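J.: Here you go, one structure.
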Amino acid sequence: MTNTIQSASISPPQQAALLGRLKNEPLYRAALQNLSDNADWASIPFLTRERLTEAFEAGELAHPDAVRVHLTPHPGGGWLPEYATRADIEAHGQAAAAALARAGVRPDDHVQIAFGFHRFAGGWIMQDGFEALGAKTLPFGPGETEAQLEAIQKLGVRVLVSAPSFAQKLGEAGARVELLISSGEPLTSIAGRRERVEAALGGVALDAYASSEAGMMALETPEKNGLRVLEDWVYLEVVDPETGETLPDGERGELVVTNLNKHAMPLLRFRTGDLTRLERRTDGIYLPGGVFGNVGGMLKVKGVKLFPREVAFWLAGHGLDHTQHTLRLWSQAGADRLGLTVRGEGVDDLAELKSDFQRRFAMRLDEFSVTVDHEGMGVTDERA
């Protein structure tokens with residue numbers, strides 16, 4: 001059981017100083033010019049990827065003191081640059097190092113990072129924190145199962161940093177590590193996945209949340225009771241994806257991030273598009289269920305918000321084919337109806353699955369079928 005507290009703050013620490021500094025940034029000059037440094041936090045405009053694209057095209061992103069540039073894929077195609085100063089790299093590294101220490105990483109550990117180190121931020125997001133902690137860090141990169149296995153065994157690697165799917169593959173090939181820091185794919189938000197990965201590796205798997213734009217933002221501790229936010233690096237909010245209204249703790253919504261002390265390309269109320277919940281506890285702020293979907297394609301069904309990506313995670317947690325499924329919506333007697341068809345076989349209790357769906361998504365499935373030859377079509381909305 002965790003001890004929760006009422007929301008103690010509706011704005012980041014030292015808001016006035018933060019906004020006073022950002023008003024001088026070309027990226028925010030127009031948006032903040034008519035706002036006081038002590039303005040209601042909710043009145044501050046959101047930053048979007050579209051705005052970042054405009055700023056890049058206008059030459060507003062580059063920083064004179066930047067010493068590192070990563071690229072990040074853009075949802076609309078192409079990429080955007082991400083700049084970091086030496087002070088940014090150090091601040092991110094120190095915040096991440098403290099989180100990694102809470103997760104059980106030790107300065108004398110050998111750490112192997114199986115994320116990419118070219119063009120995109122990838123492994124660098126993790127590298128900063130491990131180096132700041134003093135660990136012996138191997139920036140291995142992705143793939144090469146046999147070579148990764150050899151390095152783990154010969155160097156006595158205790159900590160692996162990897163996507164859970166690749167970590168499980170390494171474990172099934174014979175890798176044994178005491179600790180996995182997992183990112184890049186869902187871990188805790190898919191029921192049973194952590195247990196499968198831990199069984200393969202013979203160690204503990206902890207979930208991390210990071211993005212190329214913001215760096216590491218939250219990381220589990222060995223208690224496995226949620227991802228603890230790096231509060232000295234980011235300020236996180238959860239908002240209604242439709243209205244932008246800040247949501248109370250515990251409610252599902254879109255994650256919004258603000259960098260507290262970044263100089264090059266600092267994020268101010270940046271809409272990540274990721275779906276999560278926030279919880280304030282006596283020992284810190286947590287994402288209790290990790291990140292469990294994306295707001296893209298959000299549907300309003302029976303008066304409730306439904307996120308198709310979250311449905312895919314739910315299917316995967318029940319061992320069903322999340323890549324081949326169809327959500328069908330139709331109207332009957334003026335009311336919404338919802339059906340779900342998924343590829344699979346040998347499901348013992350459809351009634352229990354329907355009950356679990358209702359518990360998870362706060363709505364009832366009017367039709368639910370599992371067939372061996374279904375080919376997924378995503379969402380079919382037949383409502384008039």
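Letters A, B, ... mark the chains of the structure tokens in the order given; residue numbers begin at 1 per chain; ligand numbers begin at 1, in order shown.
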Can you tell me which residues surround Met298 in chain A at a distance of at most 8 Å, considering only C-alpha atoms, apart from same-chain residues fewer than 6 positions away, and format the answer as number ranges by chain?
T.: A: 305-308
J.: Counting only C-alpha atoms, what is within 12 Å of Pro139 in chain A, bar same-chain residues fewer than 2 positions away, as an mmCIF file with N, CA, C and O atoms, in the first residue's frame?
T.:
data_model
loop_
_atom_site.group_PDB
_atom_site.id
_atom_site.type_symbol
_atom_site.label_atom_id
_atom_site.label_comp_id
_atom_site.auth_asym_id
_atom_site.auth_seq_id
_atom_site.Cartn_x
_atom_site.Cartn_y
_atom_site.Cartn_z
ATOM 1 N N HIS A 110 29.034 -3.233 -14.034
ATOM 2 C CA HIS A 110 29.142 -3.187 -15.488
ATOM 3 C C HIS A 110 27.717 -3.104 -16.044
ATOM 4 O O HIS A 110 26.848 -3.899 -15.672
ATOM 5 N N VAL A 111 27.500 -2.128 -16.910
ATOM 6 C CA VAL A 111 26.181 -1.883 -17.485
ATOM 7 C C VAL A 111 26.281 -1.972 -18.998
ATOM 8 O O VAL A 111 27.172 -1.368 -19.610
ATOM 9 N N GLN A 112 25.382 -2.723 -19.614
ATOM 10 C CA GLN A 112 25.375 -2.875 -21.073
ATOM 11 C C GLN A 112 24.091 -2.259 -21.635
ATOM 12 O O GLN A 112 22.987 -2.641 -21.240
ATOM 13 N N ILE A 113 24.246 -1.292 -22.553
ATOM 14 C CA ILE A 113 23.112 -0.571 -23.116
ATOM 15 C C ILE A 113 22.864 -1.049 -24.543
ATOM 16 O O ILE A 113 23.717 -0.879 -25.426
ATOM 17 N N ALA A 114 21.688 -1.641 -24.761
ATOM 18 C CA ALA A 114 21.363 -2.215 -26.066
ATOM 19 C C ALA A 114 20.399 -1.323 -26.852
ATOM 20 O O ALA A 114 19.455 -1.790 -27.472
ATOM 21 N N PHE A 115 20.656 -0.020 -26.795
ATOM 22 C CA PHE A 115 19.912 0.939 -27.616
ATOM 23 C C PHE A 115 20.874 1.609 -28.583
ATOM 24 O O PHE A 115 22.095 1.661 -28.349
ATOM 25 N N GLY A 116 20.336 2.178 -29.652
ATOM 26 C CA GLY A 116 21.170 2.806 -30.667
ATOM 27 C C GLY A 116 21.852 4.070 -30.177
ATOM 28 O O GLY A 116 21.327 4.790 -29.323
ATOM 29 N N PHE A 117 23.016 4.349 -30.734
ATOM 30 C CA PHE A 117 23.794 5.540 -30.374
ATOM 31 C C PHE A 117 24.097 6.421 -31.588
ATOM 32 O O PHE A 117 24.957 7.274 -31.526
ATOM 33 N N HIS A 118 23.404 6.214 -32.688
ATOM 34 C CA HIS A 118 23.669 7.030 -33.864
ATOM 35 C C HIS A 118 22.427 7.834 -34.225
ATOM 36 O O HIS A 118 21.310 7.340 -34.121
ATOM 37 N N GLY A 122 18.306 7.775 -28.331
ATOM 38 C CA GLY A 122 18.475 6.371 -27.968
ATOM 39 C C GLY A 122 19.264 6.124 -26.697
ATOM 40 O O GLY A 122 18.897 6.530 -25.599
ATOM 41 N N GLY A 123 20.374 5.416 -26.871
ATOM 42 C CA GLY A 123 21.182 5.013 -25.732
ATOM 43 C C GLY A 123 21.796 6.161 -24.956
ATOM 44 O O GLY A 123 22.108 6.003 -23.766
ATOM 45 N N TRP A 124 21.968 7.326 -25.602
ATOM 46 C CA TRP A 124 22.566 8.457 -24.893
ATOM 47 C C TRP A 124 21.702 8.893 -23.714
ATOM 48 O O TRP A 124 22.223 9.398 -22.708
ATOM 49 N N ILE A 125 20.393 8.729 -23.832
ATOM 50 C CA ILE A 125 19.503 9.104 -22.731
ATOM 51 C C ILE A 125 19.894 8.341 -21.471
ATOM 52 O O ILE A 125 19.885 8.888 -20.362
ATOM 53 N N MET A 126 20.251 7.064 -21.628
ATOM 54 C CA MET A 126 20.646 6.243 -20.490
ATOM 55 C C MET A 126 22.115 6.436 -20.127
ATOM 56 O O MET A 126 22.483 6.441 -18.946
ATOM 57 N N GLN A 127 22.950 6.612 -21.123
ATOM 58 C CA GLN A 127 24.394 6.737 -20.902
ATOM 59 C C GLN A 127 24.715 7.863 -19.922
ATOM 60 O O GLN A 127 25.563 7.698 -19.036
ATOM 61 N N ASP A 128 24.047 9.001 -20.070
ATOM 62 C CA ASP A 128 24.337 10.157 -19.215
ATOM 63 C C ASP A 128 24.249 9.802 -17.739
ATOM 64 O O ASP A 128 25.139 10.129 -16.945
ATOM 65 N N PHE A 130 24.176 6.757 -16.169
ATOM 66 C CA PHE A 130 25.104 5.725 -15.685
ATOM 67 C C PHE A 130 26.514 6.285 -15.532
ATOM 68 O O PHE A 130 27.215 5.971 -14.562
ATOM 69 N N GLU A 131 26.951 7.108 -16.470
ATOM 70 C CA GLU A 131 28.284 7.704 -16.362
ATOM 71 C C GLU A 131 28.361 8.637 -15.161
ATOM 72 O O GLU A 131 29.357 8.659 -14.440
ATOM 73 N N ALA A 135 29.178 4.189 -13.077
ATOM 74 C CA ALA A 135 29.162 2.791 -13.505
ATOM 75 C C ALA A 135 30.030 2.593 -14.738
ATOM 76 O O ALA A 135 30.293 3.525 -15.499
ATOM 77 N N LYS A 136 30.470 1.358 -14.940
ATOM 78 C CA LYS A 136 31.278 0.992 -16.105
ATOM 79 C C LYS A 136 30.317 0.656 -17.246
ATOM 80 O O LYS A 136 29.796 -0.458 -17.319
ATOM 81 N N THR A 137 30.112 1.616 -18.123
ATOM 82 C CA THR A 137 29.012 1.536 -19.077
ATOM 83 C C THR A 137 29.499 1.175 -20.466
ATOM 84 O O THR A 137 30.401 1.812 -21.008
ATOM 85 N N GLY A 141 24.770 -0.839 -28.249
ATOM 86 C CA GLY A 141 23.890 -0.659 -29.398
ATOM 87 C C GLY A 141 22.934 -1.827 -29.543
ATOM 88 O O GLY A 141 22.976 -2.795 -28.788
ATOM 89 N N PRO A 142 22.034 -1.778 -30.538
ATOM 90 C CA PRO A 142 20.979 -2.788 -30.665
ATOM 91 C C PRO A 142 21.434 -4.039 -31.418
ATOM 92 O O PRO A 142 22.446 -4.037 -32.120
ATOM 93 N N GLN A 148 26.205 -9.709 -27.938
ATOM 94 C CA GLN A 148 25.727 -9.161 -26.668
ATOM 95 C C GLN A 148 25.877 -10.189 -25.556
ATOM 96 O O GLN A 148 26.328 -9.879 -24.446
ATOM 97 N N ALA A 151 29.499 -10.534 -24.431
ATOM 98 C CA ALA A 151 29.949 -9.417 -23.595
ATOM 99 C C ALA A 151 29.370 -9.516 -22.188
ATOM 100 O O ALA A 151 30.071 -9.268 -21.195
ATOM 101 N N LEU A 160 21.490 -4.657 -17.434
ATOM 102 C CA LEU A 160 21.207 -4.559 -18.865
ATOM 103 C C LEU A 160 20.174 -3.464 -19.078
ATOM 104 O O LEU A 160 19.209 -3.347 -18.327
ATOM 105 N N VAL A 161 20.370 -2.663 -20.120
ATOM 106 C CA VAL A 161 19.411 -1.631 -20.511
ATOM 107 C C VAL A 161 18.920 -1.981 -21.905
ATOM 108 O O VAL A 161 19.703 -2.009 -22.860
ATOM 109 N N SER A 162 17.616 -2.242 -22.021
ATOM 110 C CA SER A 162 17.122 -2.788 -23.281
ATOM 111 C C SER A 162 15.610 -2.673 -23.341
ATOM 112 O O SER A 162 14.926 -2.537 -22.321
#
J.: May I have all residues of range 120-253 of chain A that DSSP, computed from the backbone, assigns to strand (DSSP E), given as a ChimeraX atom specification?
T.: /A:136-139,159-162,179-182,204-211,215-220,227-229,234-239,253
J.: Compile the contact shell of range 346-359 of chain A as JSON, numbers by chain: residues with an atom at most 8 Å away, counting only C-alpha atoms, same-chain residues fewer than 4 positions apart removed.
T.: {"A": [363, 364, 365, 368, 369, 370]}
J.: One number please: CA of Ala121 in chain A to CA of Ala17 in chain A, in Å, one decimal.
T.: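 So the two atoms, CA of Ala121 in chain A and CA of Ala17 in chain A, lie 28.4 Å apart.
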J.: Excluding range 20-30 of chain A and its own-chain neighbours fewer than 6 positions away, which residues fall within 7 Å of it when counting only C-alpha atoms? Please give them as an MDAnalysis selection string.
T.: chainID A and resid 37 55 60:61
J.: For the residues in that selection, give me N, CA, C and O atoms as an mmCIF file, in the first residue's frame.
T.:
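Ended up saving to out-v2.cif:
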data_model
loop_
_atom_site.group_PDB
_atom_site.id
_atom_site.type_symbol
_atom_site.label_atom_id
_atom_site.label_comp_id
_atom_site.auth_asym_id
_atom_site.auth_seq_id
_atom_site.Cartn_x
_atom_site.Cartn_y
_atom_site.Cartn_z
ATOM 1 N N ASP A 37 5.043 36.408 -14.881
ATOM 2 C CA ASP A 37 5.805 35.235 -14.445
ATOM 3 C C ASP A 37 5.059 34.420 -13.401
ATOM 4 O O ASP A 37 5.389 33.252 -13.166
ATOM 5 N N ALA A 55 9.350 26.340 -35.362
ATOM 6 C CA ALA A 55 10.523 26.998 -34.789
ATOM 7 C C ALA A 55 11.804 26.553 -35.483
ATOM 8 O O ALA A 55 12.711 27.363 -35.718
ATOM 9 N N GLU A 60 14.865 28.922 -34.899
ATOM 10 C CA GLU A 60 14.738 29.333 -33.506
ATOM 11 C C GLU A 60 15.199 28.279 -32.499
ATOM 12 O O GLU A 60 15.152 28.524 -31.295
ATOM 13 N N LEU A 61 15.651 27.131 -32.939
ATOM 14 C CA LEU A 61 15.969 26.058 -32.007
ATOM 15 C C LEU A 61 17.443 25.983 -31.624
ATOM 16 O O LEU A 61 17.777 25.569 -30.505
#
J.: Report, in Å with one decimal, the straight-line distance from CA of Leu227 in chain A to CA of Val239 in chain A.
T.: 18.4 Å
J.: Tell me which of A:Glu382, A:Glu144, A:Asp65, A:Glu242 sits closest to Ile89 in chain A, counting only C-alpha atoms.
T.: A:Asp65
J.: Applying 10 Å and only C-alpha atoms, which residues near Leu133 in chain A remain after dropping the ones on its own chain fewer than 6 positions away? List them as an MDAnalysis selection string.
T.: chainID A and resid 93:101 105:109 127
J.: Let me make sure I understand: among A:Ala335, A:Leu329, A:Ala200, A:Ala362, which one has the smallest atom-to-atom distance to Val379 in chain A if we use only C-alpha atoms?
T.: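 Smallest distance to Val379 in chain A is found for A:Leu329.
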J.: CA of Ala316 in chain A to CA of Arg343 in chain A: how many Å, to one decimal?
T.: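 Distance reported for this atom pair: 11.5 Å.
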J.: If we count only C-alpha atoms, what is near Ser36 in chain A at a cut-off of 12 Å, once residues fewer than 3 positions away on the same chain are taken out, given as a PyMOL selection string?
T.: chain A and resi 15-20+22-23+31-33+39-41+43-44
J.: Pick out the residues sitting within 6 Å of Tyr286 in chain A, and hand them over as a ChimeraX atom specification; count only C-alpha atoms, and ignore anything fewer than 6 positions along from it in its own chain.
T.: /A:226-229,278-279
J.: Just write the chosen residues, C-alpha atoms, as an mmCIF file, in the first residue's frame.
T.:
data_model
loop_
_atom_site.group_PDB
_atom_site.id
_atom_site.type_symbol
_atom_site.label_atom_id
_atom_site.label_comp_id
_atom_site.auth_asym_id
_atom_site.auth_seq_id
_atom_site.Cartn_x
_atom_site.Cartn_y
_atom_site.Cartn_z
ATOM 1 C CA GLY A 226 5.137 2.725 -9.965
ATOM 2 C CA LEU A 227 7.643 4.856 -11.844
ATOM 3 C CA ARG A 228 9.063 7.613 -9.648
ATOM 4 C CA VAL A 229 9.381 10.959 -11.430
ATOM 5 C CA LEU A 278 -0.105 10.712 -12.010
ATOM 6 C CA GLU A 279 -0.008 10.109 -8.264
#
J.: Identify which of the residues A:Gly339, A:Gly344, A:Pro45, A:Gly184 lies closest to Glu367 in chain A, counting only C-alpha atoms when measuring atom-to-atom distances.
T.: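 Of A:Gly339, A:Gly344, A:Pro45, A:Gly184, the one nearest Glu367 in chain A is A:Gly339, counting only C-alpha atoms.
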